[in-house]
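Everything below concerns the one structure shown next.
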Amino acid sequence: MLKVGVLASGRGSNLQSIIDSIKAGVLKAEIKIVITDKAAAKALDRAEKYNIANSYINPKIYENKSDFEQAMIDLLEEHKVDLVVMAGFMRILSPYFVKHYRNRVMNIHPSLLPSFTGLHAQKQALDYGVKVAGCTVHFADEGMDTGPIILQATVPVMDDDTEETLSQRILEEEHRIYPKAIKLFSEGRLEVKDGKVLIINN
Ligand code: GAR
């Protein structure tokens, strides 16, 4: 069974969608460890509730980013994780981490990448005036919200949308496609070729 490690910084609703999908028997995987970089991350409470091992790693106690990331890698390795899932993890991974988990670390972002990377992607979309928005699951590389795209989903943008209403509409799609992407990985159906993801038997 696929062993997953989840990295999160906050609310953890995407973590919850993955837990729900596993509980429902749709996704055959096991979350071995949840790691956060924020002491107050709700993701920790969610992990606790389902008896999933969890750990807050305080980046401030490390001298540099490499040492912080090494602490995460040590924990992920201890739990023999096959796939690292960033679920609202608001940090850019270093080339070292990415190399260690090349094509084995996923991220979700609330925009149709490559548009609107970084913070407040939904507000960026509204400010730009796009008519269609959405979310993207991709293999993470060392850039900000970059790397081979696995799945995307679109939602319409309404004239009266606020950042909150659009974010909510996108979030529902995030919760649908993240477990789906992990399922494809668990079935060995994701192949990365020339920087692009091919879905086998799609
Ligand atoms: C989600 O909308 C996710 O796409 C976004 O943070 C939110 C986390 O929510 N991630 C990024 O913006 C990454 N650049 P959650 O903690 O409820 O899953």
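Naming works like this for the structure tokens: A, B, ... for the chains as they're shown, residue 1 at the start of each chain, ligands 1 onward in shown order.
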
Fewer than 5 positions away in the same chain doesn't count, so skip those; otherwise give me all residues within 8 Å of Ser55 (chain A), counting only C-alpha atoms, as a CSV table (one decimal) with N, CA and C atoms, in the first residue's frame.
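See result-v6.csv below for the written result:
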chain,number,residue,atom,x,y,z
A,33,ILE,N,2.5,10.0,8.1
A,33,ILE,CA,3.0,11.2,8.9
A,33,ILE,C,2.4,12.5,8.3
A,34,VAL,N,2.0,13.4,9.2
A,34,VAL,CA,1.7,14.7,8.8
A,34,VAL,C,2.7,15.7,9.5
A,35,ILE,N,3.3,16.5,8.7
A,35,ILE,CA,4.3,17.4,9.2
A,35,ILE,C,3.8,18.9,8.9
A,36,THR,N,3.9,19.7,9.9
A,36,THR,CA,3.6,21.1,9.7
A,36,THR,C,4.8,22.0,10.1
A,44,LEU,N,-2.7,19.5,12.2
A,44,LEU,CA,-2.2,18.7,13.3
A,44,LEU,C,-3.4,18.1,14.1

From a DSSP calculation on the backbone, collect every residue of region 25-107 of chain A in helix (DSSP H, G or I) and output the set as a PyMOL selection string. chain A and resi 42-49+59-61+65-78+95-100

Writer output for current selection, N, CA, C and O atoms, as a tab-separated table (two decimals), in the first residue's frame:
chain	number	residue	atom	x	y	z
A	42	LYS	N	-4.16	23.67	11.90
A	42	LYS	CA	-5.30	22.79	12.17
A	42	LYS	C	-5.07	21.37	11.65
A	42	LYS	O	-5.67	20.41	12.12
A	43	ALA	N	-4.18	21.26	10.68
A	43	ALA	CA	-3.85	19.96	10.10
A	43	ALA	C	-3.38	18.99	11.19
A	43	ALA	O	-3.64	17.78	11.12
A	44	LEU	N	-2.72	19.52	12.22
A	44	LEU	CA	-2.23	18.68	13.33
A	44	LEU	C	-3.40	18.06	14.09
A	44	LEU	O	-3.38	16.88	14.44
A	45	ASP	N	-4.46	18.87	14.32
A	45	ASP	CA	-5.65	18.37	15.04
A	45	ASP	C	-6.34	17.29	14.21
A	45	ASP	O	-6.82	16.30	14.74
A	46	ARG	N	-6.38	17.51	12.91
A	46	ARG	CA	-7.03	16.51	12.04
A	46	ARG	C	-6.27	15.20	12.11
A	46	ARG	O	-6.86	14.13	12.21
A	47	ALA	N	-4.93	15.28	12.06
A	47	ALA	CA	-4.12	14.06	12.12
A	47	ALA	C	-4.36	13.35	13.46
A	47	ALA	O	-4.59	12.14	13.50
A	48	GLU	N	-4.34	14.12	14.52
A	48	GLU	CA	-4.57	13.58	15.88
A	48	GLU	C	-5.89	12.81	15.93
A	48	GLU	O	-5.96	11.71	16.44
A	49	LYS	N	-6.93	13.45	15.38
A	49	LYS	CA	-8.28	12.86	15.41
A	49	LYS	C	-8.32	11.47	14.77
A	49	LYS	O	-9.09	10.61	15.19
A	59	PRO	N	10.73	25.78	11.88
A	59	PRO	CA	11.85	26.16	10.99
A	59	PRO	C	12.83	27.11	11.68
A	59	PRO	O	14.02	27.14	11.33
A	60	LYS	N	12.34	27.84	12.68
A	60	LYS	CA	13.17	28.89	13.31
A	60	LYS	C	14.32	28.31	14.15
A	60	LYS	O	15.28	29.00	14.44
A	61	ILE	N	14.19	27.05	14.55
A	61	ILE	CA	15.26	26.51	15.39
A	61	ILE	C	16.43	25.98	14.55
A	61	ILE	O	17.44	25.56	15.10
A	65	LYS	N	17.82	26.60	5.78
A	65	LYS	CA	16.74	25.85	5.15
A	65	LYS	C	17.09	24.36	4.98
A	65	LYS	O	16.25	23.49	5.15
A	66	SER	N	18.38	24.10	4.64
A	66	SER	CA	18.79	22.70	4.42
A	66	SER	C	18.59	21.88	5.68
A	66	SER	O	18.13	20.73	5.61
A	67	ASP	N	18.96	22.44	6.83
A	67	ASP	CA	18.82	21.69	8.09
A	67	ASP	C	17.36	21.43	8.41
A	67	ASP	O	16.99	20.36	8.87
A	68	PHE	N	16.52	22.44	8.15
A	68	PHE	CA	15.08	22.28	8.36
A	68	PHE	C	14.53	21.18	7.45
A	68	PHE	O	13.80	20.28	7.89
A	69	GLU	N	14.91	21.25	6.19
A	69	GLU	CA	14.42	20.24	5.25
A	69	GLU	C	14.96	18.85	5.58
A	69	GLU	O	14.26	17.86	5.42
A	70	GLN	N	16.20	18.80	6.07
A	70	GLN	CA	16.77	17.50	6.45
A	70	GLN	C	15.95	16.88	7.58
A	70	GLN	O	15.72	15.67	7.60
A	71	ALA	N	15.49	17.73	8.49
A	71	ALA	CA	14.67	17.23	9.60
A	71	ALA	C	13.36	16.63	9.04
A	71	ALA	O	12.88	15.60	9.51
A	72	MET	N	12.81	17.28	8.02
A	72	MET	CA	11.58	16.74	7.39
A	72	MET	C	11.90	15.42	6.68
A	72	MET	O	11.16	14.44	6.81
A	73	ILE	N	13.01	15.41	5.94
A	73	ILE	CA	13.38	14.20	5.20
A	73	ILE	C	13.61	13.03	6.17
A	73	ILE	O	13.16	11.91	5.92
A	74	ASP	N	14.28	13.31	7.29
A	74	ASP	CA	14.55	12.26	8.28
A	74	ASP	C	13.25	11.63	8.75
A	74	ASP	O	13.13	10.41	8.85
A	75	LEU	N	12.27	12.48	9.02
A	75	LEU	CA	10.98	12.00	9.51
A	75	LEU	C	10.22	11.22	8.41
A	75	LEU	O	9.65	10.16	8.66
A	76	LEU	N	10.28	11.75	7.20
A	76	LEU	CA	9.61	11.08	6.07
A	76	LEU	C	10.25	9.72	5.82
A	76	LEU	O	9.56	8.73	5.53
A	77	GLU	N	11.57	9.67	5.95
A	77	GLU	CA	12.27	8.39	5.72
A	77	GLU	C	12.00	7.40	6.83
A	77	GLU	O	11.82	6.21	6.58
A	78	GLU	N	11.95	7.93	8.03
A	78	GLU	CA	11.63	7.07	9.18
A	78	GLU	C	10.29	6.36	8.96
A	78	GLU	O	10.10	5.21	9.33
A	95	PRO	N	16.29	22.72	-4.11
A	95	PRO	CA	16.67	21.71	-5.11
A	95	PRO	C	17.06	20.39	-4.45
A	95	PRO	O	16.80	19.32	-4.99
A	96	TYR	N	17.65	20.46	-3.25
A	96	TYR	CA	18.06	19.24	-2.56
A	96	TYR	C	16.86	18.36	-2.22
A	96	TYR	O	16.84	17.16	-2.50
A	97	PHE	N	15.82	18.98	-1.65
A	97	PHE	CA	14.62	18.22	-1.28
A	97	PHE	C	13.96	17.65	-2.53
A	97	PHE	O	13.60	16.47	-2.59
A	98	VAL	N	13.85	18.49	-3.54
A	98	VAL	CA	13.18	18.08	-4.78
A	98	VAL	C	13.92	16.91	-5.44
A	98	VAL	O	13.31	15.96	-5.92
A	99	LYS	N	15.26	16.99	-5.41
A	99	LYS	CA	16.07	15.92	-6.01
A	99	LYS	C	15.84	14.61	-5.25
A	99	LYS	O	15.73	13.54	-5.85
A	100	HIS	N	15.78	14.74	-3.94
A	100	HIS	CA	15.57	13.58	-3.08
A	100	HIS	C	14.24	12.87	-3.41
A	100	HIS	O	14.14	11.65	-3.37

Given 6 Å and only C-alpha atoms and all ligand atoms, residues near ligand 1 as a list in words: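 Counting only C-alpha atoms and all ligand atoms, the residues within 6 Å of ligand 1 come out as Gly10, Arg11, Gly12, Ser13, Asn14, Leu15, Ala87, Gly88, Met90, Ile108, His109, Pro110, Gly118, Leu119, Asp145 and Leu171 of chain A.
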
File of the preceding selection, all heavy atoms, as a short mmCIF file (atom, residue, chain, number, x, y, z; two decimals), in the first residue's frame:
data_model
loop_
_atom_site.label_atom_id
_atom_site.label_comp_id
_atom_site.auth_asym_id
_atom_site.auth_seq_id
_atom_site.Cartn_x
_atom_site.Cartn_y
_atom_site.Cartn_z
N GLY A 10 -1.53 24.88 7.38
CA GLY A 10 -2.71 25.55 7.94
C GLY A 10 -3.91 24.68 8.20
O GLY A 10 -3.81 23.62 8.82
N ARG A 11 -5.03 25.13 7.65
CA ARG A 11 -6.37 24.57 7.89
C ARG A 11 -6.47 23.06 7.65
O ARG A 11 -7.15 22.35 8.36
CB ARG A 11 -7.28 25.36 6.92
CG ARG A 11 -8.69 25.03 6.86
CD ARG A 11 -9.34 25.99 5.89
NE ARG A 11 -8.75 25.91 4.53
CZ ARG A 11 -9.19 26.57 3.48
NH1 ARG A 11 -10.21 27.36 3.59
NH2 ARG A 11 -8.61 26.42 2.31
N GLY A 12 -5.83 22.60 6.58
CA GLY A 12 -5.80 21.15 6.34
C GLY A 12 -7.04 20.56 5.73
O GLY A 12 -7.30 19.37 5.88
N SER A 13 -7.80 21.36 4.98
CA SER A 13 -9.00 20.79 4.37
C SER A 13 -8.64 19.81 3.25
O SER A 13 -9.34 18.83 3.02
CB SER A 13 -9.95 21.88 3.85
OG SER A 13 -9.45 22.49 2.70
N ASN A 14 -7.52 20.06 2.57
CA ASN A 14 -7.09 19.09 1.55
C ASN A 14 -6.61 17.79 2.21
O ASN A 14 -6.88 16.71 1.70
CB ASN A 14 -6.01 19.69 0.66
CG ASN A 14 -6.60 20.52 -0.47
OD1 ASN A 14 -7.22 19.98 -1.38
ND2 ASN A 14 -6.46 21.83 -0.38
N LEU A 15 -5.94 17.92 3.34
CA LEU A 15 -5.57 16.72 4.11
C LEU A 15 -6.84 15.93 4.43
O LEU A 15 -6.88 14.70 4.27
CB LEU A 15 -4.85 17.13 5.40
CG LEU A 15 -4.72 16.06 6.48
CD1 LEU A 15 -3.84 14.90 6.02
CD2 LEU A 15 -4.16 16.66 7.78
N ALA A 87 -0.03 19.86 1.09
CA ALA A 87 -1.44 20.25 1.16
C ALA A 87 -1.54 21.58 1.88
O ALA A 87 -1.68 21.63 3.10
CB ALA A 87 -2.24 19.17 1.88
N GLY A 88 -1.38 22.66 1.11
CA GLY A 88 -1.36 23.98 1.72
C GLY A 88 -0.07 24.20 2.50
O GLY A 88 -0.07 24.83 3.55
N MET A 90 3.10 26.17 2.68
CA MET A 90 3.43 27.45 2.06
C MET A 90 4.92 27.74 2.06
O MET A 90 5.37 28.78 2.55
CB MET A 90 2.64 28.57 2.76
CG MET A 90 1.14 28.31 2.78
SD MET A 90 0.46 27.84 1.17
CE MET A 90 -0.27 29.38 0.69
N ILE A 108 -0.66 21.13 -4.53
CA ILE A 108 -1.92 21.63 -5.11
C ILE A 108 -1.89 23.14 -5.01
O ILE A 108 -1.41 23.71 -4.03
CB ILE A 108 -3.17 21.04 -4.43
CG1 ILE A 108 -4.41 21.42 -5.23
CG2 ILE A 108 -3.30 21.44 -2.96
CD1 ILE A 108 -5.58 20.46 -5.08
N HIS A 109 -2.42 23.78 -6.07
CA HIS A 109 -2.42 25.24 -6.10
C HIS A 109 -3.77 25.71 -6.65
O HIS A 109 -4.28 25.14 -7.62
CB HIS A 109 -1.27 25.75 -6.97
CG HIS A 109 -1.16 27.23 -6.95
ND1 HIS A 109 -0.72 27.94 -5.85
CD2 HIS A 109 -1.48 28.16 -7.89
CE1 HIS A 109 -0.77 29.23 -6.11
NE2 HIS A 109 -1.23 29.39 -7.35
N PRO A 110 -4.35 26.76 -6.01
CA PRO A 110 -5.69 27.19 -6.42
C PRO A 110 -5.72 28.12 -7.63
O PRO A 110 -6.31 29.20 -7.59
CB PRO A 110 -6.22 27.89 -5.16
CG PRO A 110 -5.00 28.45 -4.51
CD PRO A 110 -3.88 27.50 -4.82
N GLY A 118 1.93 31.62 -6.44
CA GLY A 118 2.17 32.34 -5.18
C GLY A 118 0.93 32.56 -4.35
O GLY A 118 -0.05 31.82 -4.48
N LEU A 119 1.00 33.59 -3.52
CA LEU A 119 -0.08 33.83 -2.57
C LEU A 119 -1.31 34.45 -3.25
O LEU A 119 -1.19 35.11 -4.27
CB LEU A 119 0.40 34.77 -1.46
CG LEU A 119 1.50 34.23 -0.53
CD1 LEU A 119 1.98 35.31 0.43
CD2 LEU A 119 0.99 33.01 0.25
N ASP A 145 5.23 26.91 -7.21
CA ASP A 145 4.05 26.38 -7.89
C ASP A 145 4.37 25.99 -9.34
O ASP A 145 3.57 26.24 -10.25
CB ASP A 145 2.88 27.38 -7.83
CG ASP A 145 2.51 27.72 -6.40
OD1 ASP A 145 2.43 26.79 -5.57
OD2 ASP A 145 2.29 28.91 -6.09
N LEU A 171 -12.04 25.40 -4.03
CA LEU A 171 -11.66 24.44 -2.99
C LEU A 171 -12.42 23.12 -3.16
O LEU A 171 -11.86 22.03 -2.96
CB LEU A 171 -11.93 25.04 -1.61
CG LEU A 171 -11.31 24.30 -0.42
CD1 LEU A 171 -9.78 24.28 -0.50
CD2 LEU A 171 -11.74 24.95 0.90
#

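The shell of residues at most 8 Å from region 24-28 of chain A, with only C-alpha atoms counted and near chain neighbours (fewer than 4 positions) removed, consists of Met1, Leu2, Ile18, Asp20, Pro179, Lys180, Ile182, Lys183 and Ser186 of chain A.
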
Pull the closest atom pair for each residue of region 83-141 of chain A that gets at most 10 Å from region 29-32 of chain A, along with the distance in Å to one decimal, counting only C-alpha atoms, ordering rows by chain and then ascending residue number, as a Markdown table.
| residue | atom | partner | partner_atom | distance |
| --- | --- | --- | --- | --- |
| A:Leu83 | CA | A:Ile31 | CA | 9.6 |
| A:Val84 | CA | A:Ile31 | CA | 9.8 |
| A:Val85 | CA | A:Ile31 | CA | 9.7 |

CA of Glu63 (chain A) to CA of Tyr101 (chain A), distance in Å rounded to a single decimal: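 Separating CA of Glu63 (chain A) from CA of Tyr101 (chain A) is a distance of 22.5 Å.
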
DSSP-assigned strand (DSSP E or B) members of region 58-115 of chain A, reported as a list in words: Leu83, Val84, Val85, Met86, Val105, Met106, Asn107, Ile108 and His109 of chain A

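The space separating CA of Phe139 (chain A) from CA of Leu93 (chain A) comes to 11.7 Å.
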
Residues within 8 Å of Gln152 (chain A), please, as a compact mmCIF listing (two decimals) with all heavy atoms, in the first residue's frame. Count only C-alpha atoms; anything in the same chain fewer than 4 positions from it doesn't count.
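Wrote part_3.txt, looks like this:
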# COMPACT_ATOMS: atom_id res chain seq x y z
N LEU A 112 -5.24 27.90 -12.30
CA LEU A 112 -4.91 27.10 -13.48
C LEU A 112 -3.47 27.47 -13.86
O LEU A 112 -3.22 28.43 -14.57
CB LEU A 112 -5.88 27.41 -14.62
CG LEU A 112 -7.34 26.99 -14.35
CD1 LEU A 112 -8.27 27.49 -15.44
CD2 LEU A 112 -7.45 25.46 -14.22
N GLY A 134 -9.62 27.93 -11.46
CA GLY A 134 -9.55 26.50 -11.16
C GLY A 134 -8.38 26.16 -10.26
O GLY A 134 -7.87 27.01 -9.54
N CYS A 135 -8.01 24.89 -10.31
CA CYS A 135 -6.91 24.43 -9.47
C CYS A 135 -6.07 23.41 -10.23
O CYS A 135 -6.53 22.84 -11.23
CB CYS A 135 -7.44 23.83 -8.17
SG CYS A 135 -8.71 22.58 -8.41
N THR A 136 -4.87 23.20 -9.71
CA THR A 136 -3.89 22.33 -10.38
C THR A 136 -3.18 21.46 -9.36
O THR A 136 -2.74 21.96 -8.33
CB THR A 136 -2.80 23.20 -11.08
OG1 THR A 136 -3.43 24.12 -11.99
CG2 THR A 136 -1.80 22.34 -11.83
N VAL A 137 -3.07 20.17 -9.67
CA VAL A 137 -2.17 19.28 -8.92
C VAL A 137 -0.98 19.02 -9.82
O VAL A 137 -1.15 18.69 -11.00
CB VAL A 137 -2.85 17.94 -8.55
CG1 VAL A 137 -1.85 17.05 -7.79
CG2 VAL A 137 -4.09 18.17 -7.72
N ILE A 177 -9.94 16.66 -6.90
CA ILE A 177 -8.84 16.19 -7.77
C ILE A 177 -7.57 15.76 -7.02
O ILE A 177 -6.79 14.98 -7.56
CB ILE A 177 -8.47 17.20 -8.90
CG1 ILE A 177 -7.84 18.49 -8.36
CG2 ILE A 177 -9.68 17.47 -9.78
CD1 ILE A 177 -7.25 19.37 -9.47

Write out as a PyMOL selection string each polymer residue whose atoms come within 9 Å of Lys80 (chain A), counting only C-alpha atoms; drop sequence neighbours fewer than 6 positions from it. chain A and resi 3-5+32

Can you tell me how far CA of Gly143 (chain A) sits from CA of Met106 (chain A), in Å to one decimal?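 Taking CA of Gly143 (chain A) and CA of Met106 (chain A), their separation equals 12.8 Å.
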
Residues at most 9 Å from Leu166 (chain A), counting only C-alpha atoms, excluding those fewer than 2 positions away in the same chain, as JSON, numbers by chain? {"A": [122, 123, 126, 133, 155, 156, 157, 158, 161, 162, 163, 164, 168, 169, 170, 171]}

Option closest in space to Ala121 (chain A), from A:Ser167, A:Asn58, A:Arg189, A:Arg176 [counting only C-alpha atoms]: A:Ser167

Restricting the calculation to only C-alpha atoms, which member of A:Leu113, A:Ala181, A:Leu198, A:Leu190 is positioned closest to Ala125 (chain A)?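 Checking each of A:Leu113, A:Ala181, A:Leu198, A:Leu190 against Ala125 (chain A), counting only C-alpha atoms, the winner is A:Leu113.
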